[in-house]
Amino acid sequence: MGNEIDQDNITSTPTMRNPFAAVHTSSGGLAARVGKFVLPNRKPIQTPHYITITSRGTVPHISPDIVRNSTAIGSLYIGLEDFLDKAPQNIPVLNVPQSHPDESRLRKFIAAQDDDILILAARRAQPVITPQANTANAVAIITSSGSWILDHTKWLDMIPKLRPDIVVGFADLAYGHTPGVKRREKMVDRTHAFTRDATRHLYPESTDSTDDSSELKTPLYFAPVLPLENTQQGLYLQDLEDELRPRVSGLALYESASLCIIP
């Protein structure tokens with residue numbers, strides 16, 4: 001998928017359930033590590049695995065009944081920008097009626113199966129280049145009505161309403177051109193701040209994200225790793241490994257070369 005998901009850094013903490021178990025690891029490092037990613041009441045994912053990319057919540061070129069009856073698709077990647085308008089006054093996906101407080105509006109809106117794993121990000125897996133630039137507090141997106149700025153605070157407020165299983169965090173990425181030195185510094189600082197603020201917002205110290213028997217109380221958070229060299233984002237990576245690790249359940253990579261810089 002466009003945002004590759006690396007399970008190497010999933011961790012078990014007092015507040016985060018460990019969803020990943022390694023089945024086999026190559027001692028020489030030349031073969032893929034085999035494992036299983038399991039969430040409560042969801043289809044397990046055998047890793048390595050392909051995550052199905054959706055368009056407006058649907059699998060392109062395949063009808064829902066074929067997906068349900070004739071495929072093994074059990075996980076969906078969804079870009080929030082598919083459901084937003086340029087100047088939204090009343091966003092339909094956020095106003096889907098719930099039959100109970102823990103029901104996912106997103107799952108109900110796209111008519112996904114109850115045991116599908118929903119992975120939500122702000123942008124599509126192959127995003128369109130925007131005419132606007134990202135800011136310190138927002139990322140530029142392309143909606144059905146044109147370009148728009150999605151504020152990070154609004155994004156965080158939408159997550160509990162949509163209730164996906166996994167959230168891919170905000171990343172300040174430069175699409176369509178190679179960023180300069182100063183721009184790279186901004187990318188790291190902003191992404192670091194986005195990740196820090198998001199994990200604090202989603203996982204307060206006094207709140208347990210799960211219980212022993214039911215659905216995830218709060219989505220798992222996958223932190224982005226920028227397509228930059230290790231030296232350019234070393235402080236951010238160190239923070240992911242230390243201070244932020246109890247609240248981060250995985251990493252989202254934007255190019256395969258980033259695998260070599262993962263601690």
# chains A, B, ... in the order shown; residues from 1 in each chain; ligands from 1
$ residues_around --residues "Gln232 in chain A" --least-positions-apart "6" --cutoff "8 Å" --atoms "only C-alpha atoms" --output "PyMOL selection string"
chain A and resi 184-185+188
$ write_last_selection --atoms "C-alpha atoms" --output "PDB file, in the first residue's frame"
ATOM      1  CA  ARG A 184      13.184  19.154   5.797  1.00  0.00           C
ATOM      2  CA  GLU A 185      13.762  20.631   9.239  1.00  0.00           C
ATOM      3  CA  VAL A 188      10.553  16.793  11.069  1.00  0.00           C
TER       4      VAL A 188
END
$ closest_atom_pairs --of "range 72-153 of chain A" --to "range 46-57 of chain A" --cutoff "6 Å" --atoms "only C-alpha atoms" --output "JSON lines"
{"residue": "A:Ser75", "atom": "CA", "partner": "A:Ile51", "partner_atom": "CA", "distance": 5.8}
{"residue": "A:Leu76", "atom": "CA", "partner": "A:Thr52", "partner_atom": "CA", "distance": 5.0}
{"residue": "A:Tyr77", "atom": "CA", "partner": "A:Ile53", "partner_atom": "CA", "distance": 4.9}
{"residue": "A:Ile78", "atom": "CA", "partner": "A:Thr54", "partner_atom": "CA", "distance": 5.7}
{"residue": "A:Asp82", "atom": "CA", "partner": "A:Arg56", "partner_atom": "CA", "distance": 5.0}
{"residue": "A:Ile110", "atom": "CA", "partner": "A:Gly57", "partner_atom": "CA", "distance": 5.3}
$ closest_residue --among "A:Ile119, A:Asp189, A:Thr143, A:Leu259" --to "Tyr221 in chain A" --atoms "only C-alpha atoms"
A:Ile119
$ select_by_dssp --residues "range 49-163 of chain A" --states "helix (DSSP H, G or I)" --output "PDB file with N, CA and C atoms, in the first residue's frame"
ATOM      1  N   PRO A  64     -19.497  -4.718  -3.572  1.00  0.00           N
ATOM      2  CA  PRO A  64     -19.434  -5.165  -2.168  1.00  0.00           C
ATOM      3  C   PRO A  64     -19.754  -6.641  -1.967  1.00  0.00           C
ATOM      4  N   ASP A  65     -20.699  -7.187  -2.748  1.00  0.00           N
ATOM      5  CA  ASP A  65     -21.033  -8.595  -2.559  1.00  0.00           C
ATOM      6  C   ASP A  65     -19.891  -9.506  -3.012  1.00  0.00           C
ATOM      7  N   ILE A  66     -19.157  -9.104  -4.057  1.00  0.00           N
ATOM      8  CA  ILE A  66     -17.995  -9.880  -4.496  1.00  0.00           C
ATOM      9  C   ILE A  66     -16.886  -9.806  -3.451  1.00  0.00           C
ATOM     10  N   VAL A  67     -16.667  -8.603  -2.893  1.00  0.00           N
ATOM     11  CA  VAL A  67     -15.667  -8.450  -1.832  1.00  0.00           C
ATOM     12  C   VAL A  67     -15.994  -9.360  -0.660  1.00  0.00           C
ATOM     13  N   ARG A  68     -17.262  -9.410  -0.309  1.00  0.00           N
ATOM     14  CA  ARG A  68     -17.694 -10.178   0.860  1.00  0.00           C
ATOM     15  C   ARG A  68     -17.637 -11.683   0.615  1.00  0.00           C
ATOM     16  N   ASN A  69     -18.070 -12.122  -0.566  1.00  0.00           N
ATOM     17  CA  ASN A  69     -18.253 -13.554  -0.804  1.00  0.00           C
ATOM     18  C   ASN A  69     -17.119 -14.230  -1.569  1.00  0.00           C
ATOM     19  N   SER A  70     -16.333 -13.454  -2.308  1.00  0.00           N
ATOM     20  CA  SER A  70     -15.366 -14.084  -3.206  1.00  0.00           C
ATOM     21  C   SER A  70     -13.931 -13.604  -3.023  1.00  0.00           C
ATOM     22  N   LEU A  80      -9.435  10.150   4.774  1.00  0.00           N
ATOM     23  CA  LEU A  80     -10.537  10.999   5.222  1.00  0.00           C
ATOM     24  C   LEU A  80     -10.907  12.047   4.184  1.00  0.00           C
ATOM     25  N   GLU A  81      -9.935  12.500   3.393  1.00  0.00           N
ATOM     26  CA  GLU A  81     -10.217  13.542   2.417  1.00  0.00           C
ATOM     27  C   GLU A  81     -11.264  13.104   1.390  1.00  0.00           C
ATOM     28  N   ASP A  82     -11.462  11.804   1.230  1.00  0.00           N
ATOM     29  CA  ASP A  82     -12.499  11.303   0.324  1.00  0.00           C
ATOM     30  C   ASP A  82     -13.898  11.704   0.770  1.00  0.00           C
ATOM     31  N   PHE A  83     -14.065  12.016   2.056  1.00  0.00           N
ATOM     32  CA  PHE A  83     -15.398  12.255   2.606  1.00  0.00           C
ATOM     33  C   PHE A  83     -15.640  13.714   2.980  1.00  0.00           C
ATOM     34  N   PRO A  92     -21.384  14.459   6.153  1.00  0.00           N
ATOM     35  CA  PRO A  92     -22.287  13.308   6.306  1.00  0.00           C
ATOM     36  C   PRO A  92     -21.718  12.174   7.148  1.00  0.00           C
ATOM     37  N   VAL A  93     -20.445  11.818   6.942  1.00  0.00           N
ATOM     38  CA  VAL A  93     -19.885  10.668   7.652  1.00  0.00           C
ATOM     39  C   VAL A  93     -19.826  10.898   9.163  1.00  0.00           C
ATOM     40  N   LEU A  94     -19.802  12.158   9.587  1.00  0.00           N
ATOM     41  CA  LEU A  94     -19.757  12.461  11.021  1.00  0.00           C
ATOM     42  C   LEU A  94     -21.134  12.512  11.649  1.00  0.00           C
ATOM     43  N   ASN A  95     -22.172  12.428  10.825  1.00  0.00           N
ATOM     44  CA  ASN A  95     -23.533  12.549  11.333  1.00  0.00           C
ATOM     45  C   ASN A  95     -24.355  11.285  11.136  1.00  0.00           C
ATOM     46  N   ARG A 105     -19.056   5.140  13.151  1.00  0.00           N
ATOM     47  CA  ARG A 105     -19.786   5.839  12.088  1.00  0.00           C
ATOM     48  C   ARG A 105     -19.145   5.575  10.730  1.00  0.00           C
ATOM     49  N   LEU A 106     -17.832   5.517  10.696  1.00  0.00           N
ATOM     50  CA  LEU A 106     -17.129   5.262   9.445  1.00  0.00           C
ATOM     51  C   LEU A 106     -17.486   3.892   8.890  1.00  0.00           C
ATOM     52  N   ARG A 107     -17.475   2.877   9.715  1.00  0.00           N
ATOM     53  CA  ARG A 107     -17.806   1.521   9.273  1.00  0.00           C
ATOM     54  C   ARG A 107     -19.235   1.463   8.738  1.00  0.00           C
ATOM     55  N   LYS A 108     -20.135   2.135   9.435  1.00  0.00           N
ATOM     56  CA  LYS A 108     -21.538   2.129   9.037  1.00  0.00           C
ATOM     57  C   LYS A 108     -21.737   2.902   7.736  1.00  0.00           C
ATOM     58  N   PHE A 109     -21.014   4.006   7.568  1.00  0.00           N
ATOM     59  CA  PHE A 109     -21.170   4.860   6.387  1.00  0.00           C
ATOM     60  C   PHE A 109     -20.710   4.154   5.116  1.00  0.00           C
ATOM     61  N   ILE A 110     -19.597   3.415   5.198  1.00  0.00           N
ATOM     62  CA  ILE A 110     -19.076   2.741   4.004  1.00  0.00           C
ATOM     63  C   ILE A 110     -19.571   1.302   3.901  1.00  0.00           C
ATOM     64  N   HIS A 152      -5.203  20.020  12.442  1.00  0.00           N
ATOM     65  CA  HIS A 152      -4.881  18.832  13.225  1.00  0.00           C
ATOM     66  C   HIS A 152      -5.841  18.639  14.391  1.00  0.00           C
ATOM     67  N   THR A 153      -6.244  19.729  15.017  1.00  0.00           N
ATOM     68  CA  THR A 153      -7.185  19.625  16.136  1.00  0.00           C
ATOM     69  C   THR A 153      -8.526  19.068  15.671  1.00  0.00           C
ATOM     70  N   LYS A 154      -9.006  19.533  14.511  1.00  0.00           N
ATOM     71  CA  LYS A 154     -10.270  19.018  13.977  1.00  0.00           C
ATOM     72  C   LYS A 154     -10.144  17.534  13.633  1.00  0.00           C
ATOM     73  N   TRP A 155      -9.005  17.166  13.088  1.00  0.00           N
ATOM     74  CA  TRP A 155      -8.752  15.760  12.759  1.00  0.00           C
ATOM     75  C   TRP A 155      -8.840  14.887  14.006  1.00  0.00           C
ATOM     76  N   LEU A 156      -8.222  15.346  15.087  1.00  0.00           N
ATOM     77  CA  LEU A 156      -8.253  14.577  16.329  1.00  0.00           C
ATOM     78  C   LEU A 156      -9.663  14.486  16.897  1.00  0.00           C
ATOM     79  N   ASP A 157     -10.446  15.537  16.716  1.00  0.00           N
ATOM     80  CA  ASP A 157     -11.831  15.515  17.198  1.00  0.00           C
ATOM     81  C   ASP A 157     -12.703  14.560  16.387  1.00  0.00           C
ATOM     82  N   MET A 158     -12.339  14.333  15.116  1.00  0.00           N
ATOM     83  CA  MET A 158     -13.118  13.438  14.263  1.00  0.00           C
ATOM     84  C   MET A 158     -12.871  11.963  14.590  1.00  0.00           C
ATOM     85  N   ILE A 159     -11.701  11.636  15.075  1.00  0.00           N
ATOM     86  CA  ILE A 159     -11.330  10.232  15.283  1.00  0.00           C
ATOM     87  C   ILE A 159     -12.278   9.497  16.223  1.00  0.00           C
ATOM     88  N   PRO A 160     -12.629  10.057  17.401  1.00  0.00           N
ATOM     89  CA  PRO A 160     -13.572   9.338  18.273  1.00  0.00           C
ATOM     90  C   PRO A 160     -14.959   9.171  17.661  1.00  0.00           C
ATOM     91  N   LYS A 161     -15.334  10.072  16.758  1.00  0.00           N
ATOM     92  CA  LYS A 161     -16.637   9.964  16.109  1.00  0.00           C
ATOM     93  C   LYS A 161     -16.626   8.885  15.027  1.00  0.00           C
ATOM     94  N   LEU A 162     -15.512   8.770  14.322  1.00  0.00           N
ATOM     95  CA  LEU A 162     -15.424   7.803  13.228  1.00  0.00           C
ATOM     96  C   LEU A 162     -15.053   6.404  13.726  1.00  0.00           C
TER      97      LEU A 162
END
$ closest_residue --among "A:Ile142, A:Leu150, A:Met187, A:Leu39" --to "Gln126 in chain A" --atoms "only C-alpha atoms"
A:Ile142
$ select_by_dssp --residues "range 17-196 of chain A" --states "strand (DSSP E or B)" --output "VMD selection string"
chain A and resid 20 to 24 34 to 37 45 to 47 52 to 53 55 58 75 to 79 117 to 121 138 to 143 146 to 151 166 to 168
$ closest_residue --among "A:Gly79, A:Val59, A:Ala174, A:Leu220" --to "Ala111 in chain A" --atoms "only C-alpha atoms"
A:Val59
$ atom_distance --atom1 "CA of Ala125 in chain A" --atom2 "CA of Ser63 in chain A"
20.5 Å
$ atom_distance --atom1 "CA of Pro127 in chain A" --atom2 "CA of Val96 in chain A"
25.9 Å
